[in-house]
There are 2 protein chains.
Amino acid sequence: MEDLLLEADQAANESIVPDEDDSGDMQDEEELVNFQRKILPIDALDLGIKSFQEQKLLNAAGKKKQHLIVCASLIDKVPNLAGLARTCEIFSARTLVMPNLLVRKQDDFKSISASANDWIDMEECKEEGLLSWLYQKKTEGYVIVGLEQTASSKCLTKMEFSAKTVLLLGKEKEGIPIEFLSAVDQCIEIPQLGIIRSLNVHVSGAISIWEYTKQMMQQEKG
Amino acid sequence: MEDLLLEADQAANESIVPDEDDSGDMQDEEELVNFQRKILPIDALDLGIKSFQEQKLLNAAGKKKQHLIVCASLIDKVPNLAGLARTCEIFSARTLVMPNLLVRKQDDFKSISASANDWIDMEECKEEGLLSWLYQKKTEGYVIVGLEQTASSKCLTKMEFSAKTVLLLGKEKEGIPIEFLSAVDQCIEIPQLGIIRSLNVHVSGAISIWEYTKQMMQQEKG
């Protein structure tokens with residue numbers, strides 16, 4: 001696709017004289033796309049790109065996707081993964097990160113996720129690749145929020161989410177292993193009043209996704 | 001019990017002269033209990049009453065129970081009932097109303113509920129008795145809140161919960177049947193941005209319980 005654009009752009013350069021010196025940085029995708037808008041024969045291609053971009057920005061219901069990435073790489077129970085897929089689709093999360101994409105083929109995943117698989121973007125990241133994935137997301141401007149009860153966790157009622165958030169969920173029993181906490185910018189916890197140690201990971205994830213969504217809705221309004 | 005107290009109290013009256021005229025209103029439990037504190041032989045009985053009251057008001061973790069009753073009479077899937085039991089225990093709901101208490105004996109209930117069964121008060125109310133149960137709760141001062149997408153549903157972000165709330169959850173597929181909506185004081189709904197029709201009932205219930213809990217925590221603080 002990029003090669004094709006480059007060729008088309010070079011051909012276009014021969015027929016028009018651009019105002020600016022564009023001899024450098026031809027690989028820069030944004031400049032390339034901006035430049036092509038001036039040239040008629042490329043419009044169809046340009047529309048294709050825009051449509052592709054829009055598809056990435058809008059969900060299947062035509063609503064804007066949120067900047068939230070939910071990372072479930074540490075979760076291994078299918079009902080939790082499938083439940084999260086359904087919840088992520090409904091709250092229009094950008095991506096759900098799964099430990100293994102093959103799980104989507106399982107019948108129980110399909111039935112519990114209520115076909116979310118067809119509508120939500122999923123990406124695979126196994127536990128062994130998680131630390132470098134988290135650092136990669138930080139370079140992309142994401143704030144890594146870990147849902148874990150630690151000494152420095154912030155109560156969910158006091159958390160102000162950034163739009164670009166990665167919500168990192170912990171393992172069903174042990175939570176988030178210490179080696180990943182180094183990559184986490186902020187841990188959050190849900191105040192719990194009972195004798196049972198913690199909420200189910202899908203439920204605590206859903207409550208956090210809801211809080212994020214509500215804050216983004218309020219920001220948009222005000 | 002009350003007769004016993006009355007007898008004990010009358011006997012006590014013969015041996016001491018109270019400062020106030022207490023000839024009237026001897027049936028008033030609070031006055032009775034307050035008076036008995038002066039008299040030694042009744043103290044043990046008095047402690048018994050207090051302990052009983054405290055057991056009903058505090059949860060197993062020693063925290064105050066909320067005035068929230070979660071009604072799951074219309075739910076029939078064991079994982080949803082068991083998940084709700086766990087969530088209700090953690091948020092210190094007063095009671096979880098079940099369609100059938102026998103379900104608690106099932107292995108999947110025990111494992112999914114993470115032993116919540118041992119800690120949360122449960123009550124049985126089948127669908128056929130639900131309407132009269134709801135009206136009974138109204139006479140006890142509870143506001144009946146139905147979690148359902150209707151023409152007059154209030155968005156959860158705008159809902160102000162009363163402390164005495166019954167949260168009525170709908171059936172997994174059909175939601176709350178119309179015959180029960182007549183008993184509902186207010187329907188609420190969670191804004192949903194995706195293409196899938198609705199959140200899982202345990203998840204939407206948990207988000208609503210969380211919102212209620214947060215509001216009660218804020219009221220207590222401020």
# chains A, B, ... in the order shown; residues from 1 in each chain; ligands from 1
$ interface_residues --of "chain B" --to "chain A" --cutoff "8 Å" --atoms "only C-alpha atoms" --output "short mmCIF file (atom, residue, chain, number, x, y, z; two decimals) with all heavy atoms, in the first residue's frame"
data_model
loop_
_atom_site.label_atom_id
_atom_site.label_comp_id
_atom_site.auth_asym_id
_atom_site.auth_seq_id
_atom_site.Cartn_x
_atom_site.Cartn_y
_atom_site.Cartn_z
N ASN B 59 -21.58 -6.70 58.01
CA ASN B 59 -21.27 -7.89 57.22
C ASN B 59 -20.16 -8.69 57.90
O ASN B 59 -19.68 -8.32 58.98
CB ASN B 59 -20.93 -7.52 55.77
CG ASN B 59 -19.61 -6.77 55.64
OD1 ASN B 59 -18.83 -6.70 56.56
ND2 ASN B 59 -19.38 -6.22 54.45
N ALA B 60 -19.75 -9.77 57.24
CA ALA B 60 -18.78 -10.67 57.87
C ALA B 60 -17.44 -9.98 58.10
O ALA B 60 -16.68 -10.37 58.99
CB ALA B 60 -18.60 -11.91 57.00
N ALA B 61 -17.16 -8.95 57.30
CA ALA B 61 -15.89 -8.23 57.48
C ALA B 61 -16.03 -7.14 58.54
O ALA B 61 -15.09 -6.36 58.76
CB ALA B 61 -15.48 -7.61 56.14
N LYS B 63 -18.02 -4.61 58.38
CA LYS B 63 -18.39 -3.31 57.79
C LYS B 63 -19.92 -3.20 57.75
O LYS B 63 -20.63 -4.20 57.67
CB LYS B 63 -17.85 -3.23 56.35
CG LYS B 63 -16.32 -3.32 56.29
CD LYS B 63 -15.73 -2.06 55.68
CE LYS B 63 -14.21 -2.03 55.79
NZ LYS B 63 -13.55 -2.79 54.74
N GLY B 83 -22.04 -15.21 40.27
CA GLY B 83 -21.23 -13.99 40.11
C GLY B 83 -21.84 -12.84 40.89
O GLY B 83 -21.13 -12.10 41.57
N ARG B 86 -21.07 -13.08 44.61
CA ARG B 86 -19.72 -12.60 44.92
C ARG B 86 -19.68 -11.07 44.93
O ARG B 86 -19.16 -10.45 45.86
CB ARG B 86 -18.76 -13.16 43.87
CG ARG B 86 -17.32 -12.70 44.04
CD ARG B 86 -16.42 -13.46 43.07
NE ARG B 86 -15.04 -13.02 43.12
CZ ARG B 86 -14.07 -13.57 42.39
NH1 ARG B 86 -14.34 -14.57 41.57
NH2 ARG B 86 -12.82 -13.12 42.46
N THR B 87 -20.27 -10.47 43.89
CA THR B 87 -20.25 -9.00 43.77
C THR B 87 -21.05 -8.35 44.91
O THR B 87 -20.61 -7.35 45.48
CB THR B 87 -20.81 -8.60 42.39
OG1 THR B 87 -19.98 -9.20 41.39
CG2 THR B 87 -20.80 -7.10 42.19
N GLU B 89 -21.57 -9.57 47.89
CA GLU B 89 -20.83 -9.71 49.15
C GLU B 89 -19.75 -8.63 49.23
O GLU B 89 -19.59 -7.97 50.26
CB GLU B 89 -20.21 -11.12 49.24
CG GLU B 89 -19.80 -11.53 50.65
CD GLU B 89 -18.50 -10.91 51.15
OE1 GLU B 89 -17.58 -10.67 50.35
OE2 GLU B 89 -18.40 -10.65 52.36
N ILE B 90 -19.05 -8.44 48.13
CA ILE B 90 -17.92 -7.49 48.13
C ILE B 90 -18.40 -6.06 48.33
O ILE B 90 -17.74 -5.25 48.98
CB ILE B 90 -17.08 -7.67 46.85
CG1 ILE B 90 -16.26 -8.95 46.98
CG2 ILE B 90 -16.20 -6.46 46.58
CD1 ILE B 90 -15.51 -9.36 45.76
N PHE B 91 -19.58 -5.73 47.80
CA PHE B 91 -20.10 -4.37 47.98
C PHE B 91 -21.07 -4.28 49.16
O PHE B 91 -21.79 -3.29 49.32
CB PHE B 91 -20.72 -3.85 46.68
CG PHE B 91 -19.68 -3.50 45.63
CD1 PHE B 91 -19.71 -4.06 44.36
CD2 PHE B 91 -18.65 -2.61 45.93
CE1 PHE B 91 -18.74 -3.74 43.42
CE2 PHE B 91 -17.68 -2.29 44.99
CZ PHE B 91 -17.73 -2.85 43.74
N SER B 92 -21.09 -5.31 49.98
CA SER B 92 -21.84 -5.31 51.24
C SER B 92 -23.32 -4.98 51.06
O SER B 92 -23.89 -4.16 51.79
CB SER B 92 -21.19 -4.33 52.23
OG SER B 92 -21.58 -4.63 53.54
N ALA B 114 -17.12 -17.88 44.79
CA ALA B 114 -15.96 -17.72 45.68
C ALA B 114 -16.40 -17.72 47.14
O ALA B 114 -15.98 -16.88 47.92
CB ALA B 114 -15.18 -16.44 45.33
N SER B 115 -17.29 -18.63 47.45
CA SER B 115 -17.79 -18.86 48.83
C SER B 115 -18.64 -17.72 49.38
O SER B 115 -18.88 -17.63 50.58
CB SER B 115 -16.67 -19.18 49.82
OG SER B 115 -16.06 -17.98 50.27
N ALA B 116 -19.12 -16.84 48.51
CA ALA B 116 -19.97 -15.72 48.96
C ALA B 116 -21.18 -16.23 49.72
O ALA B 116 -21.70 -15.57 50.62
CB ALA B 116 -20.42 -14.91 47.76
N TRP B 119 -21.35 -15.82 53.29
CA TRP B 119 -21.23 -14.49 53.88
C TRP B 119 -22.37 -13.52 53.56
O TRP B 119 -22.56 -12.54 54.25
CB TRP B 119 -19.91 -13.84 53.44
CG TRP B 119 -18.74 -14.74 53.61
CD1 TRP B 119 -18.00 -15.32 52.63
CD2 TRP B 119 -18.19 -15.20 54.85
NE1 TRP B 119 -17.02 -16.11 53.16
CE2 TRP B 119 -17.11 -16.05 54.53
CE3 TRP B 119 -18.49 -14.98 56.20
CZ2 TRP B 119 -16.33 -16.68 55.50
CZ3 TRP B 119 -17.71 -15.61 57.17
CH2 TRP B 119 -16.65 -16.45 56.82
N THR B 157 -25.66 7.61 34.51
CA THR B 157 -24.82 8.76 34.90
C THR B 157 -25.65 9.84 35.60
O THR B 157 -25.09 10.71 36.27
CB THR B 157 -24.14 9.40 33.68
OG1 THR B 157 -25.17 9.73 32.73
CG2 THR B 157 -23.15 8.46 33.03
N GLN B 192 -24.75 2.50 26.03
CA GLN B 192 -23.96 1.48 25.34
C GLN B 192 -23.64 1.97 23.94
O GLN B 192 -24.49 2.52 23.25
CB GLN B 192 -24.73 0.15 25.37
CG GLN B 192 -25.05 -0.21 26.84
CD GLN B 192 -25.67 -1.57 27.09
OE1 GLN B 192 -25.77 -2.39 26.18
NE2 GLN B 192 -26.06 -1.80 28.32
N LEU B 193 -22.40 1.79 23.55
CA LEU B 193 -21.90 2.41 22.32
C LEU B 193 -21.68 1.42 21.19
O LEU B 193 -21.30 1.79 20.09
CB LEU B 193 -20.57 3.13 22.61
CG LEU B 193 -20.51 3.96 23.90
CD1 LEU B 193 -19.09 4.43 24.19
CD2 LEU B 193 -21.43 5.17 23.80
N GLY B 194 -21.88 0.15 21.46
CA GLY B 194 -21.51 -0.87 20.47
C GLY B 194 -22.70 -1.40 19.70
O GLY B 194 -23.81 -0.88 19.78
N ILE B 195 -22.45 -2.47 18.98
CA ILE B 195 -23.48 -3.07 18.14
C ILE B 195 -24.20 -4.20 18.89
O ILE B 195 -25.34 -4.54 18.56
CB ILE B 195 -22.85 -3.54 16.81
CG1 ILE B 195 -23.92 -3.58 15.71
CG2 ILE B 195 -22.16 -4.89 16.95
CD1 ILE B 195 -23.33 -3.64 14.31
N ILE B 196 -23.56 -4.75 19.90
CA ILE B 196 -24.21 -5.82 20.69
C ILE B 196 -25.28 -5.16 21.56
O ILE B 196 -25.07 -4.10 22.12
CB ILE B 196 -23.18 -6.57 21.56
CG1 ILE B 196 -22.16 -7.27 20.65
CG2 ILE B 196 -23.86 -7.59 22.45
CD1 ILE B 196 -21.02 -7.93 21.38
N SER B 198 -26.84 -5.67 24.48
CA SER B 198 -26.74 -5.32 25.90
C SER B 198 -25.63 -6.07 26.60
O SER B 198 -25.21 -7.15 26.17
CB SER B 198 -28.07 -5.58 26.61
OG SER B 198 -28.28 -6.97 26.66
N LEU B 199 -25.20 -5.48 27.70
CA LEU B 199 -24.21 -6.10 28.57
C LEU B 199 -24.79 -7.35 29.21
O LEU B 199 -26.00 -7.47 29.38
CB LEU B 199 -23.82 -5.13 29.68
CG LEU B 199 -22.98 -3.92 29.28
CD1 LEU B 199 -23.04 -2.86 30.38
CD2 LEU B 199 -21.54 -4.32 29.04
N ASN B 200 -23.92 -8.23 29.62
CA ASN B 200 -24.33 -9.38 30.43
C ASN B 200 -24.99 -8.86 31.73
O ASN B 200 -24.58 -7.83 32.26
CB ASN B 200 -23.08 -10.22 30.73
CG ASN B 200 -23.24 -11.11 31.92
OD1 ASN B 200 -23.06 -10.70 33.07
ND2 ASN B 200 -23.63 -12.34 31.67
N VAL B 203 -22.77 -8.23 34.70
CA VAL B 203 -21.90 -7.06 34.51
C VAL B 203 -22.69 -5.76 34.67
O VAL B 203 -22.26 -4.85 35.37
CB VAL B 203 -21.21 -7.12 33.13
CG1 VAL B 203 -20.48 -5.83 32.83
CG2 VAL B 203 -20.24 -8.29 33.08
N ALA B 206 -23.44 -5.33 38.25
CA ALA B 206 -22.24 -4.94 39.02
C ALA B 206 -21.94 -3.46 38.83
O ALA B 206 -21.59 -2.76 39.79
CB ALA B 206 -21.04 -5.79 38.59
N ILE B 207 -22.08 -2.96 37.60
CA ILE B 207 -21.82 -1.54 37.34
C ILE B 207 -22.83 -0.68 38.12
O ILE B 207 -22.48 0.35 38.71
CB ILE B 207 -21.86 -1.25 35.82
CG1 ILE B 207 -20.62 -1.85 35.15
CG2 ILE B 207 -21.96 0.25 35.54
CD1 ILE B 207 -20.62 -1.78 33.63
N TRP B 210 -21.98 -0.78 41.81
CA TRP B 210 -20.81 0.09 42.00
C TRP B 210 -21.24 1.55 42.08
O TRP B 210 -20.80 2.29 42.96
CB TRP B 210 -19.80 -0.14 40.88
CG TRP B 210 -18.83 0.98 40.71
CD1 TRP B 210 -18.73 1.83 39.64
CD2 TRP B 210 -17.81 1.39 41.63
NE1 TRP B 210 -17.73 2.74 39.84
CE2 TRP B 210 -17.14 2.50 41.05
CE3 TRP B 210 -17.40 0.95 42.89
CZ2 TRP B 210 -16.10 3.16 41.69
CZ3 TRP B 210 -16.36 1.61 43.53
CH2 TRP B 210 -15.71 2.69 42.93
N LYS B 214 -20.72 3.92 45.31
CA LYS B 214 -19.92 5.14 45.23
C LYS B 214 -20.71 6.32 45.77
O LYS B 214 -20.20 7.13 46.53
CB LYS B 214 -19.56 5.38 43.75
CG LYS B 214 -18.25 6.04 43.56
CD LYS B 214 -17.87 6.06 42.09
CE LYS B 214 -19.01 6.56 41.23
NZ LYS B 214 -18.63 6.69 39.83
#
$ residues_around --residues "Glu123 in chain B" --least-positions-apart "4" --cutoff "8 Å" --atoms "only C-alpha atoms" --output "list in words"
Thr95, Leu96, Val97, Met98 and Leu101 of chain B
$ closest_residue --among "B:Leu68, B:Ala85, B:Leu131, B:Val78" --to "Pro177 in chain B" --atoms "only C-alpha atoms"
B:Leu131
$ select_by_dssp --residues "range 24-219 of chain A" --states "helix (DSSP H, G or I)" --output "PyMOL selection string"
chain A and resi 29-36+40-57+78-90+101-105+107-113+116-118+127-139+156-158+178-181+201-219
$ closest_residue --among "B:Met159, B:Ala82, B:Glu128, B:Glu148" --to "Asp107 in chain B" --atoms "only C-alpha atoms"
B:Ala82
$ residues_around --residues "Asp76 in chain B" --least-positions-apart "6" --cutoff "10 Å" --atoms "only C-alpha atoms" --output "VMD selection string"
chain B and resid 98 to 100 103 171 to 172
$ write_last_selection --atoms "N, CA, C and O atoms" --output "short mmCIF file (atom, residue, chain, number, x, y, z; two decimals), in the first residue's frame"
data_model
loop_
_atom_site.label_atom_id
_atom_site.label_comp_id
_atom_site.auth_asym_id
_atom_site.auth_seq_id
_atom_site.Cartn_x
_atom_site.Cartn_y
_atom_site.Cartn_z
N MET B 98 -32.90 -14.52 45.43
CA MET B 98 -32.64 -15.57 44.44
C MET B 98 -33.95 -16.22 44.01
O MET B 98 -34.89 -16.32 44.80
N PRO B 99 -34.00 -16.75 42.78
CA PRO B 99 -35.21 -17.45 42.36
C PRO B 99 -35.36 -18.79 43.08
O PRO B 99 -36.44 -19.35 43.17
N ASN B 100 -34.22 -19.31 43.59
CA ASN B 100 -34.24 -20.63 44.20
C ASN B 100 -32.97 -20.78 45.04
O ASN B 100 -31.86 -20.67 44.52
N VAL B 103 -29.97 -23.66 44.48
CA VAL B 103 -28.89 -23.50 43.52
C VAL B 103 -27.53 -23.31 44.22
O VAL B 103 -26.48 -23.64 43.69
N LYS B 171 -34.44 -10.67 33.04
CA LYS B 171 -34.08 -11.99 32.53
C LYS B 171 -32.92 -11.86 31.54
O LYS B 171 -32.79 -10.82 30.87
N GLU B 172 -32.15 -12.92 31.40
CA GLU B 172 -30.98 -12.88 30.53
C GLU B 172 -31.33 -12.45 29.11
O GLU B 172 -30.58 -11.69 28.50
#
$ decode --residues "range 190-201 of chain A" --atoms "all heavy atoms" --output "PDB file, in the first residue's frame"
ATOM      1  N   ILE A 190     -10.521  -0.882  43.232  1.00  0.00           N
ATOM      2  CA  ILE A 190     -11.937  -0.649  43.522  1.00  0.00           C
ATOM      3  C   ILE A 190     -12.143  -0.913  45.008  1.00  0.00           C
ATOM      4  O   ILE A 190     -11.790  -1.991  45.481  1.00  0.00           O
ATOM      5  CB  ILE A 190     -12.812  -1.594  42.665  1.00  0.00           C
ATOM      6  CG1 ILE A 190     -12.548  -1.320  41.183  1.00  0.00           C
ATOM      7  CG2 ILE A 190     -14.285  -1.452  43.007  1.00  0.00           C
ATOM      8  CD1 ILE A 190     -13.202  -2.297  40.232  1.00  0.00           C
ATOM      9  N   PRO A 191     -12.685   0.056  45.754  1.00  0.00           N
ATOM     10  CA  PRO A 191     -12.868  -0.187  47.193  1.00  0.00           C
ATOM     11  C   PRO A 191     -13.809  -1.363  47.427  1.00  0.00           C
ATOM     12  O   PRO A 191     -14.860  -1.446  46.798  1.00  0.00           O
ATOM     13  CB  PRO A 191     -13.478   1.126  47.697  1.00  0.00           C
ATOM     14  CG  PRO A 191     -13.979   1.837  46.493  1.00  0.00           C
ATOM     15  CD  PRO A 191     -13.182   1.362  45.332  1.00  0.00           C
ATOM     16  N   GLN A 192     -13.422  -2.263  48.293  1.00  0.00           N
ATOM     17  CA  GLN A 192     -14.213  -3.473  48.509  1.00  0.00           C
ATOM     18  C   GLN A 192     -14.525  -3.590  49.988  1.00  0.00           C
ATOM     19  O   GLN A 192     -13.670  -3.375  50.832  1.00  0.00           O
ATOM     20  CB  GLN A 192     -13.446  -4.677  47.934  1.00  0.00           C
ATOM     21  CG  GLN A 192     -13.128  -4.398  46.461  1.00  0.00           C
ATOM     22  CD  GLN A 192     -12.512  -5.555  45.679  1.00  0.00           C
ATOM     23  OE1 GLN A 192     -12.431  -6.677  46.162  1.00  0.00           O
ATOM     24  NE2 GLN A 192     -12.104  -5.267  44.457  1.00  0.00           N
ATOM     25  N   LEU A 193     -15.774  -3.904  50.272  1.00  0.00           N
ATOM     26  CA  LEU A 193     -16.262  -3.832  51.649  1.00  0.00           C
ATOM     27  C   LEU A 193     -16.502  -5.199  52.271  1.00  0.00           C
ATOM     28  O   LEU A 193     -16.869  -5.295  53.437  1.00  0.00           O
ATOM     29  CB  LEU A 193     -17.591  -3.044  51.679  1.00  0.00           C
ATOM     30  CG  LEU A 193     -17.647  -1.756  50.833  1.00  0.00           C
ATOM     31  CD1 LEU A 193     -19.064  -1.218  50.775  1.00  0.00           C
ATOM     32  CD2 LEU A 193     -16.709  -0.715  51.410  1.00  0.00           C
ATOM     33  N   GLY A 194     -16.303  -6.260  51.517  1.00  0.00           N
ATOM     34  CA  GLY A 194     -16.679  -7.581  51.999  1.00  0.00           C
ATOM     35  C   GLY A 194     -15.500  -8.390  52.487  1.00  0.00           C
ATOM     36  O   GLY A 194     -14.379  -7.891  52.641  1.00  0.00           O
ATOM     37  N   ILE A 195     -15.767  -9.657  52.700  1.00  0.00           N
ATOM     38  CA  ILE A 195     -14.733 -10.547  53.232  1.00  0.00           C
ATOM     39  C   ILE A 195     -14.020 -11.282  52.090  1.00  0.00           C
ATOM     40  O   ILE A 195     -12.884 -11.741  52.247  1.00  0.00           O
ATOM     41  CB  ILE A 195     -15.364 -11.529  54.261  1.00  0.00           C
ATOM     42  CG1 ILE A 195     -14.310 -11.996  55.260  1.00  0.00           C
ATOM     43  CG2 ILE A 195     -16.062 -12.701  53.588  1.00  0.00           C
ATOM     44  CD1 ILE A 195     -14.907 -12.638  56.497  1.00  0.00           C
ATOM     45  N   ILE A 196     -14.661 -11.383  50.929  1.00  0.00           N
ATOM     46  CA  ILE A 196     -14.015 -12.033  49.780  1.00  0.00           C
ATOM     47  C   ILE A 196     -12.932 -11.090  49.257  1.00  0.00           C
ATOM     48  O   ILE A 196     -13.135  -9.883  49.166  1.00  0.00           O
ATOM     49  CB  ILE A 196     -15.051 -12.361  48.676  1.00  0.00           C
ATOM     50  CG1 ILE A 196     -16.080 -13.359  49.219  1.00  0.00           C
ATOM     51  CG2 ILE A 196     -14.375 -12.935  47.444  1.00  0.00           C
ATOM     52  CD1 ILE A 196     -17.222 -13.653  48.279  1.00  0.00           C
ATOM     53  N   ARG A 197     -11.785 -11.674  48.898  1.00  0.00           N
ATOM     54  CA  ARG A 197     -10.594 -10.881  48.605  1.00  0.00           C
ATOM     55  C   ARG A 197     -10.785  -9.913  47.444  1.00  0.00           C
ATOM     56  O   ARG A 197     -10.359  -8.770  47.497  1.00  0.00           O
ATOM     57  CB  ARG A 197      -9.435 -11.841  48.303  1.00  0.00           C
ATOM     58  CG  ARG A 197      -8.047 -11.263  48.479  1.00  0.00           C
ATOM     59  CD  ARG A 197      -7.005 -12.334  48.200  1.00  0.00           C
ATOM     60  NE  ARG A 197      -7.144 -12.874  46.852  1.00  0.00           N
ATOM     61  CZ  ARG A 197      -6.517 -12.412  45.791  1.00  0.00           C
ATOM     62  NH1 ARG A 197      -5.703 -11.399  45.899  1.00  0.00           N
ATOM     63  NH2 ARG A 197      -6.684 -12.972  44.583  1.00  0.00           N
ATOM     64  N   SER A 198     -11.377 -10.385  46.372  1.00  0.00           N
ATOM     65  CA  SER A 198     -11.469  -9.477  45.224  1.00  0.00           C
ATOM     66  C   SER A 198     -12.583  -9.871  44.269  1.00  0.00           C
ATOM     67  O   SER A 198     -13.019 -11.021  44.224  1.00  0.00           O
ATOM     68  CB  SER A 198     -10.148  -9.438  44.472  1.00  0.00           C
ATOM     69  OG  SER A 198      -9.927 -10.678  43.850  1.00  0.00           O
ATOM     70  N   LEU A 199     -13.003  -8.873  43.507  1.00  0.00           N
ATOM     71  CA  LEU A 199     -14.007  -9.089  42.473  1.00  0.00           C
ATOM     72  C   LEU A 199     -13.435  -9.974  41.370  1.00  0.00           C
ATOM     73  O   LEU A 199     -12.214 -10.012  41.164  1.00  0.00           O
ATOM     74  CB  LEU A 199     -14.389  -7.742  41.851  1.00  0.00           C
ATOM     75  CG  LEU A 199     -15.234  -6.787  42.699  1.00  0.00           C
ATOM     76  CD1 LEU A 199     -15.174  -5.380  42.121  1.00  0.00           C
ATOM     77  CD2 LEU A 199     -16.673  -7.262  42.756  1.00  0.00           C
ATOM     78  N   ASN A 200     -14.304 -10.610  40.626  1.00  0.00           N
ATOM     79  CA  ASN A 200     -13.893 -11.329  39.424  1.00  0.00           C
ATOM     80  C   ASN A 200     -13.233 -10.336  38.457  1.00  0.00           C
ATOM     81  O   ASN A 200     -13.632  -9.172  38.378  1.00  0.00           O
ATOM     82  CB  ASN A 200     -15.157 -11.950  38.816  1.00  0.00           C
ATOM     83  CG  ASN A 200     -14.994 -12.299  37.355  1.00  0.00           C
ATOM     84  OD1 ASN A 200     -15.171 -11.451  36.494  1.00  0.00           O
ATOM     85  ND2 ASN A 200     -14.636 -13.528  37.071  1.00  0.00           N
ATOM     86  N   VAL A 201     -12.217 -10.794  37.725  1.00  0.00           N
ATOM     87  CA  VAL A 201     -11.424  -9.881  36.892  1.00  0.00           C
ATOM     88  C   VAL A 201     -12.251  -9.254  35.757  1.00  0.00           C
ATOM     89  O   VAL A 201     -12.023  -8.096  35.387  1.00  0.00           O
ATOM     90  CB  VAL A 201     -10.150 -10.582  36.351  1.00  0.00           C
ATOM     91  CG1 VAL A 201     -10.490 -11.679  35.352  1.00  0.00           C
ATOM     92  CG2 VAL A 201      -9.207  -9.572  35.717  1.00  0.00           C
TER      93      VAL A 201
END
